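Right, one structure below, let's go through it.
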Amino acid sequence: MPIYIYWGENDFVMEKAVTTLRNRVLDPLWESFNYTVFPPDQGDAVVQALNQAMTPAFGAGGRLVWLANTTLCQQCPDNVLAELQRTLPVIPENSFLLLTSRSKPDERLKGTKFLKKFAEFKEFSLIPPWKTELLVQAVNEAAQTVGVKLTSQTAELLAESIGNDTRLLYTEMEKLRLYADGVNKPIDVKTVTQLVRNTTHNTLQLAAAIKMGDTGKALGILGDLINAAEPGLRIVATLIGQFRTWLWVKMIMETGERNPQAIAQAAEVNNPKRVYFLQQEVKSIALGKLISSLPLLLELEVSLKQGGSETSVLQTKVIELCQLFQNR
C-alpha cells in the first residue's frame, strides 16, 4: 500500500516525479483502467480516491490514484480523518495513492500525523535565488541530463540568467543542445549570451537602480521585464535575494570584518572574489535603509500571492523602495 505525498513550489520537478511514478506503477495496456486523477474542485475527492484505492488493479501492473493539488494536509475534517484511519491500513499492496500540493503539510493536524505513519513525504522546493552554488549545481545536473557540455563560466552565467526556474532551465538547455548538435566541445559564454534570455540579470539591474534611488530608471527596467512576461514573483524573489546579500555584507562590514572568505561564508556568497564588488556596492548605503527594504519586499511578495494587480503592485512598491534609498 505505497502512499506518497509530494509537496513544494517546484512544479516542473514534481511533474517529472509524478510521471516517473506513473510509468513505474502502471502497465501501459491497462492504464485506462488503473489510473485515476481527482481534481481539487471535486467536493468528495478524498473519499472517492480512498474508495478507488481500495479497488484491486485490473490486469497487469498496479493501480495509481492521484489526489492532485489537495488541501488534505492543510485541513482535514473529522469525517475525512475517520475515513483515512479506516482505509489506509487495508489498501491493497498493488494500489498506490499519491497526494500532491504546493503548500507545506501542517504537521500539527491529526490527519498529517496519521499520514506520516503510512506515507512517504517528498519535498520539491525551489532553490533560494541567493544560493548561487546550488543554482550552478542545478544547471550542471540539467546539462548532464540533457547532454550539453558547459564550462564553469557558462554554468555560472546560466544560473545567473535563469535563476531557480527549473522549467525554463530545461527549456533553455534543450535549445542549447539543439544548437550544439554535432559539436563536441563545451558551449561558450558568447553562445549562451546570444541564445538565453537573461531576465534575472535584468532584475539585478532593477535592484541596482532601486539602490541608487533612480525611480525613472527602475520603472523603465520593470516595464521591460513585464513586457518580456517575466513573472512578478520571480522578480521579487531575485530582488529579495539581492537585497538580502547586500544587507549581510553591510552588516558584516559594520562589525569591522574585512576577511573576504569570512564575509563570503556569512553572506552565502559562492565566490569570495565577488565580495569586494559587493562591498563597493553597499559602501555608501546606510544599513538602516537596507534593513527597511526587506519588509517592503515581503509586503510586495504577499500582495502578489494574494492576487493583487501585478503591474500596479510592482510599480507602487518599486517607487516606495526608490524613495527609501533617495538621499534626503
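Letters A, B, ... mark the chains of the C-alpha cells in the order given; residue numbers begin at 1 per chain; ligand numbers begin at 1, in order shown.
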Within 10 Å of segment 8-24 of chain A, which residues of segment 33-133 of chain A show up? Give each one with its shortest atom-to-atom distance in Å (one decimal) and the two atoms involved, counting only C-alpha atoms, rows by chain then rising residue number, as a Markdown table.
| residue | atom | partner | partner_atom | distance |
| --- | --- | --- | --- | --- |
| A:Tyr35 | CA | A:Arg22 | CA | 8.4 |
| A:Gly61 | CA | A:Arg24 | CA | 8.7 |
| A:Gly62 | CA | A:Arg24 | CA | 8.9 |
| A:Arg63 | CA | A:Arg22 | CA | 9.2 |
| A:Leu64 | CA | A:Arg22 | CA | 7.1 |
| A:Val65 | CA | A:Arg22 | CA | 9.7 |
| A:Trp66 | CA | A:Val18 | CA | 9.2 |
| A:Phe96 | CA | A:Leu21 | CA | 9.4 |
| A:Leu98 | CA | A:Val18 | CA | 8.5 |
| A:Thr100 | CA | A:Gly8 | CA | 8.5 |
| A:Ser101 | CA | A:Gly8 | CA | 6.6 |
| A:Arg102 | CA | A:Gly8 | CA | 4.5 |
| A:Ser103 | CA | A:Gly8 | CA | 6.0 |
| A:Lys104 | CA | A:Gly8 | CA | 6.6 |
| A:Pro105 | CA | A:Gly8 | CA | 9.6 |
| A:Lys122 | CA | A:Gly8 | CA | 8.6 |
| A:Glu123 | CA | A:Gly8 | CA | 5.6 |
| A:Phe124 | CA | A:Gly8 | CA | 4.5 |
| A:Ser125 | CA | A:Gly8 | CA | 4.8 |
| A:Leu126 | CA | A:Asn10 | CA | 5.3 |
| A:Ile127 | CA | A:Asn10 | CA | 8.8 |
Given the selection you just returned, output its residues as a file containing C-alpha atoms, formatted as a compact mmCIF listing (two decimals), in the first residue's frame.
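result-v4.txt, written as the output of this step:
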# COMPACT_ATOMS: atom_id res chain seq x y z
CA TYR A 35 -5.16 5.33 -13.34
CA GLY A 61 0.65 -3.64 -13.26
CA GLY A 62 -0.68 -1.72 -10.29
CA ARG A 63 -3.29 0.94 -9.62
CA LEU A 64 -2.44 4.63 -9.16
CA VAL A 65 -4.88 7.09 -7.59
CA TRP A 66 -3.79 10.72 -7.62
CA PHE A 96 -0.64 3.40 -4.96
CA LEU A 98 -0.44 9.91 -4.48
CA THR A 100 0.33 16.50 -4.35
CA SER A 101 0.23 20.06 -3.02
CA ARG A 102 2.19 23.28 -3.39
CA SER A 103 1.79 24.02 0.33
CA LYS A 104 3.85 22.54 3.15
CA PRO A 105 1.94 19.92 5.18
CA LYS A 122 8.91 14.26 -0.52
CA GLU A 123 9.62 17.98 -0.85
CA PHE A 124 10.04 19.73 -4.21
CA SER A 125 11.15 23.21 -3.18
CA LEU A 126 12.67 25.96 -5.29
CA ILE A 127 16.30 26.84 -4.67
Which residues are near Ala138 of chain A? Cut-off 9 Å, only C-alpha atoms, ignore same chain within fewer than 4 positions. Put them as a JSON list (two decimals) with N, CA and C atoms, in the first residue's frame.
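out08.json, freshly written:
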[["chain", "number", "residue", "atom", "x", "y", "z"],
["A", 127, "ILE", "N", 15.04, 26.41, -5.28],
["A", 127, "ILE", "CA", 16.30, 26.84, -4.67],
["A", 127, "ILE", "C", 16.21, 28.34, -4.39],
["A", 133, "GLU", "N", 25.54, 28.76, -5.39],
["A", 133, "GLU", "CA", 26.24, 27.48, -5.54],
["A", 133, "GLU", "C", 25.26, 26.36, -5.90],
["A", 134, "LEU", "N", 24.09, 26.36, -5.25],
["A", 134, "LEU", "CA", 23.08, 25.34, -5.56],
["A", 134, "LEU", "C", 22.47, 25.56, -6.94],
["A", 142, "ALA", "N", 21.27, 19.59, -14.88],
["A", 142, "ALA", "CA", 20.39, 19.65, -16.05],
["A", 142, "ALA", "C", 21.19, 19.43, -17.33],
["A", 143, "ALA", "N", 22.38, 20.02, -17.40],
["A", 143, "ALA", "CA", 23.24, 19.85, -18.58],
["A", 143, "ALA", "C", 23.61, 18.39, -18.78],
["A", 159, "ALA", "N", 23.08, 30.08, -14.48],
["A", 159, "ALA", "CA", 22.47, 30.19, -13.14],
["A", 159, "ALA", "C", 22.04, 31.62, -12.88],
["A", 164, "ASN", "N", 16.03, 30.27, -10.36],
["A", 164, "ASN", "CA", 15.55, 28.98, -9.86],
["A", 164, "ASN", "C", 14.35, 28.44, -10.64],
["A", 166, "THR", "N", 13.15, 26.02, -12.81],
["A", 166, "THR", "CA", 13.63, 24.74, -13.35],
["A", 166, "THR", "C", 13.05, 24.46, -14.73],
["A", 169, "LEU", "N", 14.91, 26.43, -17.17],
["A", 169, "LEU", "CA", 16.27, 25.89, -17.28],
["A", 169, "LEU", "C", 16.32, 24.75, -18.29]]
- Query: Using only C-alpha atoms, which residues sit within 8 Å of Gln326 of chain A once same-chain residues fewer than 3 positions away are excluded, as an MDAnalysis selection string?
  - Reply: chainID A and resid 212:214 322:323
- Message: Going by DSSP on the backbone, which residues of segment 48-292 of chain A come out as alpha helix (DSSP H)? List them as a count of residues only.
- Response: 141
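Here the residues within segment 79-269 of chain A that DSSP labels strand (DSSP E) on the basis of the backbone are Ser95, Phe96, Leu97, Leu98, Leu99, Thr100, Ser101, Ala119, Glu120, Phe121, Lys122 and Glu123 of chain A.
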Using only C-alpha atoms, which protein or nucleic acid residues come within 7 Å of Pro260 of chain A? Drop anything in the same chain fewer than 2 positions from it, and give the result as a compact mmCIF listing (two decimals) with all heavy atoms, in the first residue's frame.
# COMPACT_ATOMS: atom_id res chain seq x y z
N ARG A 258 36.95 42.23 7.69
CA ARG A 258 37.48 42.58 6.37
C ARG A 258 37.92 41.35 5.58
O ARG A 258 38.30 41.48 4.42
CB ARG A 258 38.67 43.55 6.52
CG ARG A 258 38.28 44.93 7.06
CD ARG A 258 37.41 45.67 6.07
NE ARG A 258 37.04 46.99 6.57
CZ ARG A 258 35.90 47.25 7.22
NH1 ARG A 258 35.04 46.27 7.47
NH2 ARG A 258 35.62 48.48 7.63
N ALA A 262 35.56 35.15 5.12
CA ALA A 262 34.59 35.15 6.22
C ALA A 262 33.30 35.84 5.81
O ALA A 262 32.19 35.36 6.12
CB ALA A 262 35.19 35.84 7.44
N ILE A 263 33.43 36.94 5.07
CA ILE A 263 32.24 37.66 4.61
C ILE A 263 31.45 36.80 3.63
O ILE A 263 30.22 36.72 3.69
CB ILE A 263 32.64 39.01 3.97
CG1 ILE A 263 33.30 39.91 5.01
CG2 ILE A 263 31.43 39.69 3.35
CD1 ILE A 263 33.84 41.21 4.44
N ALA A 264 32.17 36.14 2.72
CA ALA A 264 31.51 35.28 1.72
C ALA A 264 30.75 34.15 2.39
O ALA A 264 29.62 33.83 2.01
CB ALA A 264 32.55 34.74 0.74
N PRO A 272 34.26 34.16 -3.26
CA PRO A 272 34.81 35.22 -2.39
C PRO A 272 35.31 36.43 -3.15
O PRO A 272 35.35 37.54 -2.60
CB PRO A 272 35.95 34.50 -1.66
CG PRO A 272 35.60 33.05 -1.71
CD PRO A 272 34.90 32.85 -3.02
N VAL A 275 33.08 39.44 -3.23
CA VAL A 275 32.85 40.22 -2.01
C VAL A 275 33.32 41.67 -2.18
O VAL A 275 32.65 42.61 -1.74
CB VAL A 275 33.55 39.55 -0.81
CG1 VAL A 275 33.57 40.49 0.39
CG2 VAL A 275 32.85 38.25 -0.46
- Task: Find the residues near Pro56 of chain A: any atom within 10 Å, counting only C-alpha atoms, skip ones fewer than 3 places away on the same chain, and give them as number ranges by chain.
- Result: A: 34, 52-53, 59, 62-63, 91-95
- Close residues, Ala207 of chain A itself excluded, 8 Å, only C-alpha atoms, min 4 positions apart in chain, as JSON, numbers by chain: {"A": [203, 211, 218, 239, 242, 243]}
Keeping only N, CA, C and O atoms, write the selected residues to a file as a PDB file, in the first residue's frame.
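Writing the result to again-v9.pdb gives the following:
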ATOM      1  N   THR A 203      16.708  41.826 -13.715  1.00  0.00           N
ATOM      2  CA  THR A 203      16.168  42.082 -12.391  1.00  0.00           C
ATOM      3  C   THR A 203      17.256  42.582 -11.456  1.00  0.00           C
ATOM      4  O   THR A 203      17.012  43.417 -10.583  1.00  0.00           O
ATOM      5  N   LYS A 211      18.502  50.664  -5.558  1.00  0.00           N
ATOM      6  CA  LYS A 211      19.510  51.019  -4.547  1.00  0.00           C
ATOM      7  C   LYS A 211      20.035  52.439  -4.762  1.00  0.00           C
ATOM      8  O   LYS A 211      20.393  53.133  -3.797  1.00  0.00           O
ATOM      9  N   ALA A 218      14.409  52.635 -12.711  1.00  0.00           N
ATOM     10  CA  ALA A 218      13.851  51.416 -12.134  1.00  0.00           C
ATOM     11  C   ALA A 218      12.526  51.059 -12.800  1.00  0.00           C
ATOM     12  O   ALA A 218      12.279  49.898 -13.146  1.00  0.00           O
ATOM     13  N   LEU A 239      14.929  40.049  -6.322  1.00  0.00           N
ATOM     14  CA  LEU A 239      15.167  41.273  -5.549  1.00  0.00           C
ATOM     15  C   LEU A 239      15.449  40.958  -4.085  1.00  0.00           C
ATOM     16  O   LEU A 239      16.378  41.508  -3.483  1.00  0.00           O
ATOM     17  N   GLN A 242      18.937  39.592  -3.729  1.00  0.00           N
ATOM     18  CA  GLN A 242      19.998  40.597  -3.891  1.00  0.00           C
ATOM     19  C   GLN A 242      20.073  41.520  -2.681  1.00  0.00           C
ATOM     20  O   GLN A 242      21.168  41.796  -2.155  1.00  0.00           O
ATOM     21  N   PHE A 243      18.927  42.014  -2.226  1.00  0.00           N
ATOM     22  CA  PHE A 243      18.945  42.929  -1.080  1.00  0.00           C
ATOM     23  C   PHE A 243      19.344  42.199   0.192  1.00  0.00           C
ATOM     24  O   PHE A 243      19.973  42.796   1.083  1.00  0.00           O
TER      25      PHE A 243
END
- Task: May I ask for the distance between atom CA of Leu296 of chain A and atom CA of Glu268 of chain A, given in Å to one decimal place?
- Result: 22.2 Å
Using only C-alpha atoms, find each residue of segment 228-296 of chain A with at least one atom at most 12 Å away from an atom of segment 179-198 of chain A; report its shortest atom-to-atom pair and that distance in Å (one decimal), sort the rows by chain and rising residue number, and return the result as JSON lines.
{"residue": "A:Ala228", "atom": "CA", "partner": "A:Arg197", "partner_atom": "CA", "distance": 9.4}
{"residue": "A:Ala229", "atom": "CA", "partner": "A:Arg197", "partner_atom": "CA", "distance": 11.5}
{"residue": "A:Glu230", "atom": "CA", "partner": "A:Arg197", "partner_atom": "CA", "distance": 10.4}
So that I can see what lies close to Phe38 of chain A, please list as a compact mmCIF listing (two decimals) with all heavy atoms, in the first residue's frame the residues with an atom at most 10 Å from it, counting only C-alpha atoms and leaving out residues fewer than 6 positions away in the same chain.
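The resulting file, selection-v8.txt, is shown below:
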# COMPACT_ATOMS: atom_id res chain seq x y z
N ASP A 44 -16.00 15.68 -2.95
CA ASP A 44 -15.75 14.44 -2.19
C ASP A 44 -14.53 13.71 -2.72
O ASP A 44 -14.47 12.48 -2.68
CB ASP A 44 -16.97 13.53 -2.25
CG ASP A 44 -17.35 13.15 -3.69
OD1 ASP A 44 -16.83 13.80 -4.62
OD2 ASP A 44 -18.15 12.22 -3.87
N ALA A 45 -13.55 14.47 -3.19
CA ALA A 45 -12.39 13.86 -3.87
C ALA A 45 -11.66 12.88 -2.97
O ALA A 45 -11.27 11.78 -3.41
CB ALA A 45 -11.44 14.95 -4.35
N VAL A 46 -11.44 13.23 -1.69
CA VAL A 46 -10.65 12.37 -0.80
C VAL A 46 -11.35 11.04 -0.58
O VAL A 46 -10.74 9.97 -0.71
CB VAL A 46 -10.41 13.08 0.55
CG1 VAL A 46 -9.68 12.14 1.51
CG2 VAL A 46 -9.60 14.35 0.35
N GLN A 48 -13.68 9.62 -2.45
CA GLN A 48 -13.71 8.89 -3.71
C GLN A 48 -12.36 8.26 -4.03
O GLN A 48 -12.26 7.12 -4.50
CB GLN A 48 -14.14 9.82 -4.85
CG GLN A 48 -15.59 10.26 -4.80
CD GLN A 48 -16.54 9.10 -5.04
OE1 GLN A 48 -16.24 8.17 -5.78
NE2 GLN A 48 -17.69 9.15 -4.39
N ALA A 49 -11.28 9.01 -3.75
CA ALA A 49 -9.94 8.49 -4.02
C ALA A 49 -9.63 7.29 -3.13
O ALA A 49 -9.05 6.30 -3.58
CB ALA A 49 -8.91 9.60 -3.82
N VAL A 65 -3.83 6.10 -7.85
CA VAL A 65 -4.88 7.09 -7.59
C VAL A 65 -4.20 8.37 -7.15
O VAL A 65 -3.42 8.38 -6.19
CB VAL A 65 -5.85 6.59 -6.50
CG1 VAL A 65 -6.93 7.63 -6.25
CG2 VAL A 65 -6.47 5.25 -6.90
N TRP A 66 -4.49 9.46 -7.85
CA TRP A 66 -3.79 10.72 -7.62
C TRP A 66 -4.77 11.80 -7.16
O TRP A 66 -5.68 12.18 -7.89
CB TRP A 66 -3.08 11.14 -8.91
CG TRP A 66 -2.34 12.45 -8.84
CD1 TRP A 66 -2.05 13.17 -7.73
CD2 TRP A 66 -1.81 13.19 -9.94
NE1 TRP A 66 -1.36 14.32 -8.06
CE2 TRP A 66 -1.20 14.35 -9.40
CE3 TRP A 66 -1.78 12.97 -11.32
CZ2 TRP A 66 -0.59 15.30 -10.22
CZ3 TRP A 66 -1.16 13.92 -12.13
CH2 TRP A 66 -0.56 15.07 -11.59
N LEU A 67 -4.55 12.30 -5.95
CA LEU A 67 -5.27 13.47 -5.43
C LEU A 67 -4.43 14.70 -5.77
O LEU A 67 -3.48 15.03 -5.06
CB LEU A 67 -5.47 13.35 -3.93
CG LEU A 67 -6.72 12.62 -3.44
CD1 LEU A 67 -6.61 12.31 -1.96
CD2 LEU A 67 -7.97 13.46 -3.71
N ALA A 68 -4.78 15.37 -6.86
CA ALA A 68 -3.97 16.49 -7.35
C ALA A 68 -4.31 17.79 -6.61
O ALA A 68 -5.49 18.08 -6.37
CB ALA A 68 -4.18 16.67 -8.85
N ASN A 69 -3.28 18.55 -6.25
CA ASN A 69 -3.44 19.85 -5.59
C ASN A 69 -4.40 19.78 -4.40
O ASN A 69 -5.25 20.64 -4.21
CB ASN A 69 -3.95 20.89 -6.60
CG ASN A 69 -2.99 21.10 -7.74
OD1 ASN A 69 -1.78 21.12 -7.55
ND2 ASN A 69 -3.51 21.24 -8.95
N THR A 70 -4.25 18.74 -3.60
CA THR A 70 -5.15 18.55 -2.47
C THR A 70 -4.76 19.44 -1.29
O THR A 70 -3.60 19.81 -1.13
CB THR A 70 -5.14 17.07 -2.03
OG1 THR A 70 -6.05 16.89 -0.94
CG2 THR A 70 -3.76 16.64 -1.58
N LEU A 99 -0.66 12.01 -3.27
CA LEU A 99 -1.22 13.31 -2.94
C LEU A 99 -0.18 14.37 -3.30
O LEU A 99 0.99 14.25 -2.93
CB LEU A 99 -1.55 13.43 -1.45
CG LEU A 99 -2.71 12.61 -0.88
CD1 LEU A 99 -2.34 11.14 -0.73
CD2 LEU A 99 -3.14 13.17 0.48
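Comparing A:Leu294, A:Val249, A:Met54, A:Leu115 by their smallest distance to Arg274 of chain A, the closest is A:Val249 (using only C-alpha atoms).
For the choices A:Pro129, A:Asn202, A:Asp41, A:Tyr276, the atom-to-atom distance to Asp224 of chain A is smallest for A:Asn202 when using only C-alpha atoms.
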- Enter the distance from atom CA of Gly241 of chain A to atom CA of Gln74 of chain A, in Å, rounded to one decimal.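 Going from atom CA of Gly241 of chain A over to atom CA of Gln74 of chain A covers 28.1 Å.
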- One decimal, Å: what's the distance from atom CA of Glu83 of chain A over to atom CA of Val47 of chain A, could you say? 7.1 Å
